[in-house]
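Everything on this sheet refers to the single structure shown next.
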Amino acid sequence: MVSQNGIKYAVHIVSTNFGDLVAKVCECLLRRGPLTYQNIARSTEISLPQVKNCLLLLIQHNCVQAFSLEPAGDAADLSKPINTKYIALFDNIIHRTRFSKFIAVVSEELDKECVELFQGLLQHGRLSLKKMIDRAKSGRDDCAVEDTIRGNLAKLLDSRFVERCPAGEAVLSPPAEEGTGARKRGAKSSKIVAKSITIEERILDAAAPMEAKRFLFTTDADCKKTSENSSEVLGGEKRKYDSLESERETSADDSHVPWRVNFEEFLHRFRHKACVENVRERLDGGAAIALSAMLEATRSMEKKVKSDKTVPLSINTIYEEVMKKEAGRSMTLDHLRASLALLGCERGSNDLYMIDLKAIIKHAQTEEVEAIVLKRYGRDAYRIFRLLMKTGRLQETDKISGTAFVDKKETPKILYHLWKDEFLHMEKVIVTTPRQLQFLLWKVNRSTLWPHLLDEMYHTALNLCQRVAYELEQENEILNLPPHKRVGPLEERFTRLRNVRMLLDASLMRLDDALMLFHDF
Amino acid sequence: MNSMRMMKAVVRGGGPLPGVDQFALARVVEGSRNLICLPGMSKRKRPELAASGAALTEHEKTLYSLIRSKQDMGIWSKDLKQEAKIPDNAAMKALKSLISKGLVKEVVNVHFKARKHCMAAEFEPSAEITGGPWYNQGSLDTEFIDIMKDQCLRLICKLGVATVDMVADEIKRSRILKADYQVQQIGEIVKALALDNDIVEVKSTGIGEFASIQPGKSCYKCLRLPGASKEPSKVVAMASVPCGVCPHLRECTPGGIISPTTCDYFTKWLDF
Ligand code: SF4
């Protein structure tokens, strides 16, 4: 469930990207969950054709996914109309603010032409090979351009920066162990599993292309074949309608298959980077090199973004990878061993090493939260909070005061303050013998605090965005001046605005790193 | 334990670590009479009762034996009067006299600083009443704790990696703090340093820099150099923007009374 401020932030992003009408449709979906488009029209009071256009746009930009339920029971009942519903993809909306980060990653690894192609995909949401070629040719009939594009797309796919688009409409099999039929006897574990898979995940799973096909692309296709088809009108609109209808994909001809940016790959990389940086700061450079090598060597094997542990590796494999990097060349095998030990490497069976990534992420999250406590409530509160974070158990007021070295009189006040602001959980214990005494016990409850803070982060991000917009609006006049007219006080105002923007943008970037840390990692 | 003795005990002895302000140390220690009330030291020699005993009135005798029966916990003067069943005025008078004869003393109860808390002179108040070794006159002796913390931080930085035992040994050996601190007390200070994030607890791996420490044992590494600023060097996301630490975040909405466009915190922050 997305938090209230998360929704507001997402709506703000959609509204600045695509305007208020689209934002209204998107908000309706975010707030109310999956809906048919008639229902969207009804609750937003926007006309049906307009809703349809908004949905098409959102689908084109991967912010909405269509799905329907496979009719239960007899397949014969085809007379019933299939109710297509739409669901907003919150994560993909937020990813829109990360495009510059994605581009930076691609630029580091691939050449300029690939980056351009990649930017085109970001800009258009989805593109088929044919459309990519058309864009590049811009009217010229040139087979060389076509080959380059094919080559570049292949490179992007090879690095997994791009993937095949999901099915236009996902078909969900009827919910066997969900909804009203959820009363499955006994099996507690199945309940937990069912609970942890959201409807959104099920839809995305159903829509995703087969893993084998996800990055598959035949590069040796005939240049002429695509040129022949180029007269066919396949404008944006047409393609968009296609994705709304059921997918018509001909495996013989890859040129109409739509491709899009693979956000997941970037999350993998950002998560790895966050882990390595945290280790570098907390432990040392050697540990960072070792971890980085392990992640690098196994990236393609990692199944999901939030994997708990690294893929097990032998020390020789790790060492080989370490040596590939300039910084690792001075490392001896003994040094590597010491670094792995420092990382708290678990040695599994067959002497293979793996690292608890989840623990590192948890650590990084904790640091962020503690920094907030320090800044908001001061050093005594910081020590108390860190103590409770570390013990993870309920602790009594006096005990806290003693261990954290905070005055007995001050401690209850600080604890109360933290509790009021939802940083702590409190329990009262009353002892009746020999006389009635009341004790207060405290602990940090991550399962409620983390979502609460994430919500505050979305709120903060939204505030920063709004302030940027406001500052730009205020100085609109100066921004429109030609540079030679910006003199004296006008120049000062211009410089100030530039500094303001730089600070706000940098803060927003950093805040977005924290959003990923708490939401995606 | 008398504070002068304590002060001497601390300041006397081996060479100071570089950068320690001995005067500050002396000044602070003087006020910290409770600091080294170690277990087993809490009982003073019993005052000579024989000299004054004969002169005690009935009321005084009743109060005195009641107070003494409370040992190192002492008793609140109001409870005392009630338990002794002596009229207010008479009780007050008797108590005053006991105090002036040096048989009874007033101590500060850390939980109720304003209350008059009485104890027989021969007892040292228990940790429950004083607040423990780190309290002085009912308040946490933060100045002294800071000095202790600083000393421990210096030692850990010097040693590179250290266990609590190593820190305690080093303190004993260098004789900067002459009073005998128990390993447990040094441990408390070290733990507080870890809570401050000035040092970090790591488990010894037994190799590399941990070669001298048994594998698996808890030890500490320096994160902040002594004397360096306590402000965290790490750039964090939320805590570095106004909204991240703003008390009005919940009420702040665009177009509202408190809003990001009209907010003063922002205006100050963006004042280039
Ligand atoms: S915009 Fe200003 S008032 Fe609103 S939360 Fe941020 S700092 Fe506080």
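Labels for the structure tokens follow display order: chains A, B, ..., residues from 1 in each chain, ligands from 1.
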With a cut-off of 9 Å, could you pull out the residues of chain B touching ligand 1 and give me the nearest pair of atoms for each, distance in Å to one decimal, using only C-alpha atoms and all ligand atoms, ordered by chain and ascending number, as JSON lines?
{"residue": "B:Val241", "atom": "CA", "partner": "ligand 1", "partner_atom_place_in_ligand_line": "7 (S)", "distance": 7.7}
{"residue": "B:Pro242", "atom": "CA", "partner": "ligand 1", "partner_atom_place_in_ligand_line": "7 (S)", "distance": 4.4}
{"residue": "B:Cys243", "atom": "CA", "partner": "ligand 1", "partner_atom_place_in_ligand_line": "6 (Fe)", "distance": 3.4}
{"residue": "B:Gly244", "atom": "CA", "partner": "ligand 1", "partner_atom_place_in_ligand_line": "6 (Fe)", "distance": 7.2}
{"residue": "B:Val245", "atom": "CA", "partner": "ligand 1", "partner_atom_place_in_ligand_line": "7 (S)", "distance": 7.4}
{"residue": "B:Cys246", "atom": "CA", "partner": "ligand 1", "partner_atom_place_in_ligand_line": "8 (Fe)", "distance": 4.5}
{"residue": "B:Pro247", "atom": "CA", "partner": "ligand 1", "partner_atom_place_in_ligand_line": "8 (Fe)", "distance": 6.5}
{"residue": "B:His248", "atom": "CA", "partner": "ligand 1", "partner_atom_place_in_ligand_line": "8 (Fe)", "distance": 5.0}
{"residue": "B:Leu249", "atom": "CA", "partner": "ligand 1", "partner_atom_place_in_ligand_line": "5 (S)", "distance": 3.7}
{"residue": "B:Arg250", "atom": "CA", "partner": "ligand 1", "partner_atom_place_in_ligand_line": "5 (S)", "distance": 7.1}
{"residue": "B:Glu251", "atom": "CA", "partner": "ligand 1", "partner_atom_place_in_ligand_line": "4 (Fe)", "distance": 7.5}
{"residue": "B:Cys252", "atom": "CA", "partner": "ligand 1", "partner_atom_place_in_ligand_line": "4 (Fe)", "distance": 4.5}
{"residue": "B:Thr253", "atom": "CA", "partner": "ligand 1", "partner_atom_place_in_ligand_line": "4 (Fe)", "distance": 7.1}
{"residue": "B:Pro254", "atom": "CA", "partner": "ligand 1", "partner_atom_place_in_ligand_line": "4 (Fe)", "distance": 8.7}
{"residue": "B:Ile258", "atom": "CA", "partner": "ligand 1", "partner_atom_place_in_ligand_line": "3 (S)", "distance": 5.5}
{"residue": "B:Ser259", "atom": "CA", "partner": "ligand 1", "partner_atom_place_in_ligand_line": "4 (Fe)", "distance": 5.1}
{"residue": "B:Pro260", "atom": "CA", "partner": "ligand 1", "partner_atom_place_in_ligand_line": "1 (S)", "distance": 3.5}
{"residue": "B:Thr261", "atom": "CA", "partner": "ligand 1", "partner_atom_place_in_ligand_line": "1 (S)", "distance": 7.0}
{"residue": "B:Thr262", "atom": "CA", "partner": "ligand 1", "partner_atom_place_in_ligand_line": "2 (Fe)", "distance": 7.6}
{"residue": "B:Cys263", "atom": "CA", "partner": "ligand 1", "partner_atom_place_in_ligand_line": "2 (Fe)", "distance": 4.4}
{"residue": "B:Asp264", "atom": "CA", "partner": "ligand 1", "partner_atom_place_in_ligand_line": "2 (Fe)", "distance": 6.5}
{"residue": "B:Tyr265", "atom": "CA", "partner": "ligand 1", "partner_atom_place_in_ligand_line": "7 (S)", "distance": 5.1}
{"residue": "B:Phe266", "atom": "CA", "partner": "ligand 1", "partner_atom_place_in_ligand_line": "2 (Fe)", "distance": 5.7}
{"residue": "B:Thr267", "atom": "CA", "partner": "ligand 1", "partner_atom_place_in_ligand_line": "2 (Fe)", "distance": 8.7}
Range 198-207 of chain B environment, 6 Å, only C-alpha atoms, sequence neighbours closer than 2 positions dropped, as a list in words: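 The neighbour list is Leu193, Ala194, Asp196, Phe210, Ala211, Ile213, Gln214, Pro215, Gly216, Lys217, Ser218, Cys219, Tyr220, Lys221, Cys222, Leu223 and Arg224 of chain B.
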Export N, CA and C atoms of the chosen residues as a PDB file, in the first residue's frame?
ATOM      1  N   LEU B 193      30.398   5.731  24.343  1.00  0.00           N
ATOM      2  CA  LEU B 193      31.118   6.259  23.180  1.00  0.00           C
ATOM      3  C   LEU B 193      30.611   5.604  21.896  1.00  0.00           C
ATOM      4  N   ALA B 194      30.317   4.320  22.002  1.00  0.00           N
ATOM      5  CA  ALA B 194      29.792   3.619  20.832  1.00  0.00           C
ATOM      6  C   ALA B 194      28.403   4.152  20.483  1.00  0.00           C
ATOM      7  N   ASP B 196      27.463   7.117  20.963  1.00  0.00           N
ATOM      8  CA  ASP B 196      27.695   8.429  20.357  1.00  0.00           C
ATOM      9  C   ASP B 196      28.163   8.308  18.913  1.00  0.00           C
ATOM     10  N   PHE B 210      43.474  -7.360  13.884  1.00  0.00           N
ATOM     11  CA  PHE B 210      42.912  -8.001  15.069  1.00  0.00           C
ATOM     12  C   PHE B 210      43.805  -9.121  15.607  1.00  0.00           C
ATOM     13  N   ALA B 211      45.007  -9.227  15.025  1.00  0.00           N
ATOM     14  CA  ALA B 211      45.868 -10.373  15.327  1.00  0.00           C
ATOM     15  C   ALA B 211      46.037 -10.620  16.827  1.00  0.00           C
ATOM     16  N   ILE B 213      43.934 -10.016  19.172  1.00  0.00           N
ATOM     17  CA  ILE B 213      42.672 -10.200  19.896  1.00  0.00           C
ATOM     18  C   ILE B 213      42.019 -11.522  19.487  1.00  0.00           C
ATOM     19  N   GLN B 214      41.568 -12.207  20.488  1.00  0.00           N
ATOM     20  CA  GLN B 214      40.927 -13.498  20.260  1.00  0.00           C
ATOM     21  C   GLN B 214      39.760 -13.369  19.274  1.00  0.00           C
ATOM     22  N   PRO B 215      39.676 -14.241  18.264  1.00  0.00           N
ATOM     23  CA  PRO B 215      38.599 -14.110  17.270  1.00  0.00           C
ATOM     24  C   PRO B 215      37.220 -14.178  17.923  1.00  0.00           C
ATOM     25  N   GLY B 216      36.323 -13.355  17.439  1.00  0.00           N
ATOM     26  CA  GLY B 216      34.955 -13.371  17.948  1.00  0.00           C
ATOM     27  C   GLY B 216      34.739 -12.422  19.108  1.00  0.00           C
ATOM     28  N   LYS B 217      35.815 -11.919  19.684  1.00  0.00           N
ATOM     29  CA  LYS B 217      35.681 -11.027  20.837  1.00  0.00           C
ATOM     30  C   LYS B 217      35.265  -9.620  20.375  1.00  0.00           C
ATOM     31  N   SER B 218      34.465  -8.969  21.189  1.00  0.00           N
ATOM     32  CA  SER B 218      34.037  -7.613  20.846  1.00  0.00           C
ATOM     33  C   SER B 218      35.176  -6.632  21.040  1.00  0.00           C
ATOM     34  N   CYS B 219      35.415  -5.799  20.048  1.00  0.00           N
ATOM     35  CA  CYS B 219      36.400  -4.741  20.257  1.00  0.00           C
ATOM     36  C   CYS B 219      35.907  -3.468  19.574  1.00  0.00           C
ATOM     37  N   TYR B 220      36.656  -2.415  19.757  1.00  0.00           N
ATOM     38  CA  TYR B 220      36.184  -1.103  19.304  1.00  0.00           C
ATOM     39  C   TYR B 220      37.217  -0.417  18.434  1.00  0.00           C
ATOM     40  N   LYS B 221      36.704   0.291  17.420  1.00  0.00           N
ATOM     41  CA  LYS B 221      37.573   1.088  16.551  1.00  0.00           C
ATOM     42  C   LYS B 221      37.096   2.530  16.585  1.00  0.00           C
ATOM     43  N   CYS B 222      38.048   3.400  16.345  1.00  0.00           N
ATOM     44  CA  CYS B 222      37.763   4.828  16.402  1.00  0.00           C
ATOM     45  C   CYS B 222      37.031   5.290  15.135  1.00  0.00           C
ATOM     46  N   LEU B 223      35.985   6.082  15.291  1.00  0.00           N
ATOM     47  CA  LEU B 223      35.320   6.664  14.121  1.00  0.00           C
ATOM     48  C   LEU B 223      35.552   8.164  14.063  1.00  0.00           C
ATOM     49  N   ARG B 224      35.708   8.773  15.221  1.00  0.00           N
ATOM     50  CA  ARG B 224      35.939  10.217  15.271  1.00  0.00           C
ATOM     51  C   ARG B 224      37.235  10.440  16.020  1.00  0.00           C
TER      52      ARG B 224
END
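Residues in contact range of range 78-91 of chain B, defined as at most 8 Å between only C-alpha atoms, with sequence neighbours fewer than 5 positions away removed, read His59, Thr62, Leu63, Leu66 and Ile67 of chain B.
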Between B:Gly102, B:Gly255, B:Gly227, B:Gly208, smallest distance to chain A by only C-alpha atoms belongs to B:Gly208
Nearest residue to chain A out of B:Ser174, B:Gln151, B:Thr57, B:Thr142, using only C-alpha atoms?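 Between B:Ser174, B:Gln151, B:Thr57, B:Thr142, the residue approaching chain A most closely is B:Thr142.
Within the 10 Å cut-off around Lys70 in chain B, using only C-alpha atoms and omitting residues fewer than 2 positions from it on the same chain, the listed residues are Ser65, Leu66, Ile67, Arg68, Asp72, Met73, Gly74, Ile75, Cys118, Met119, Ala120 and Phe123 of chain B.
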Could you pull out the strand (DSSP E or B) residues of range 66-246 of chain B, going by DSSP on the backbone, and write them as a count of residues only? 34
Let me make sure I understand: among A:Pro49, A:Arg467, A:Ile93, A:Glu326, which one has the smallest atom-to-atom distance to Ala23 in chain A if we use only C-alpha atoms? A:Ile93
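CA of Ala506 in chain A is positioned 20.3 Å from CA of Leu479 in chain A.
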Could you tell me how far CA of Met509 in chain A lies from CA of Ala274 in chain A, in Å and to one decimal?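 Taking CA of Met509 in chain A and CA of Ala274 in chain A, their separation equals 13.9 Å.
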Could you jot down the CA of Ile133 in chain A to CA of Asn262 in chain A separation for me, Å, one decimal place? 19.9 Å
Which residue gives the smallest distance to Gly151 in chain A among A:Leu110, A:Cys165, A:Ala88, A:Leu481, with only C-alpha atoms counted? A:Leu110
As a PyMOL selection string, list the residues of range 369-490 of chain A assigned to alpha helix (DSSP H) by DSSP on the backbone atoms of this structure. chain A and resi 369-377+379-391+397-404+410-420+446-474+476-479+489-490
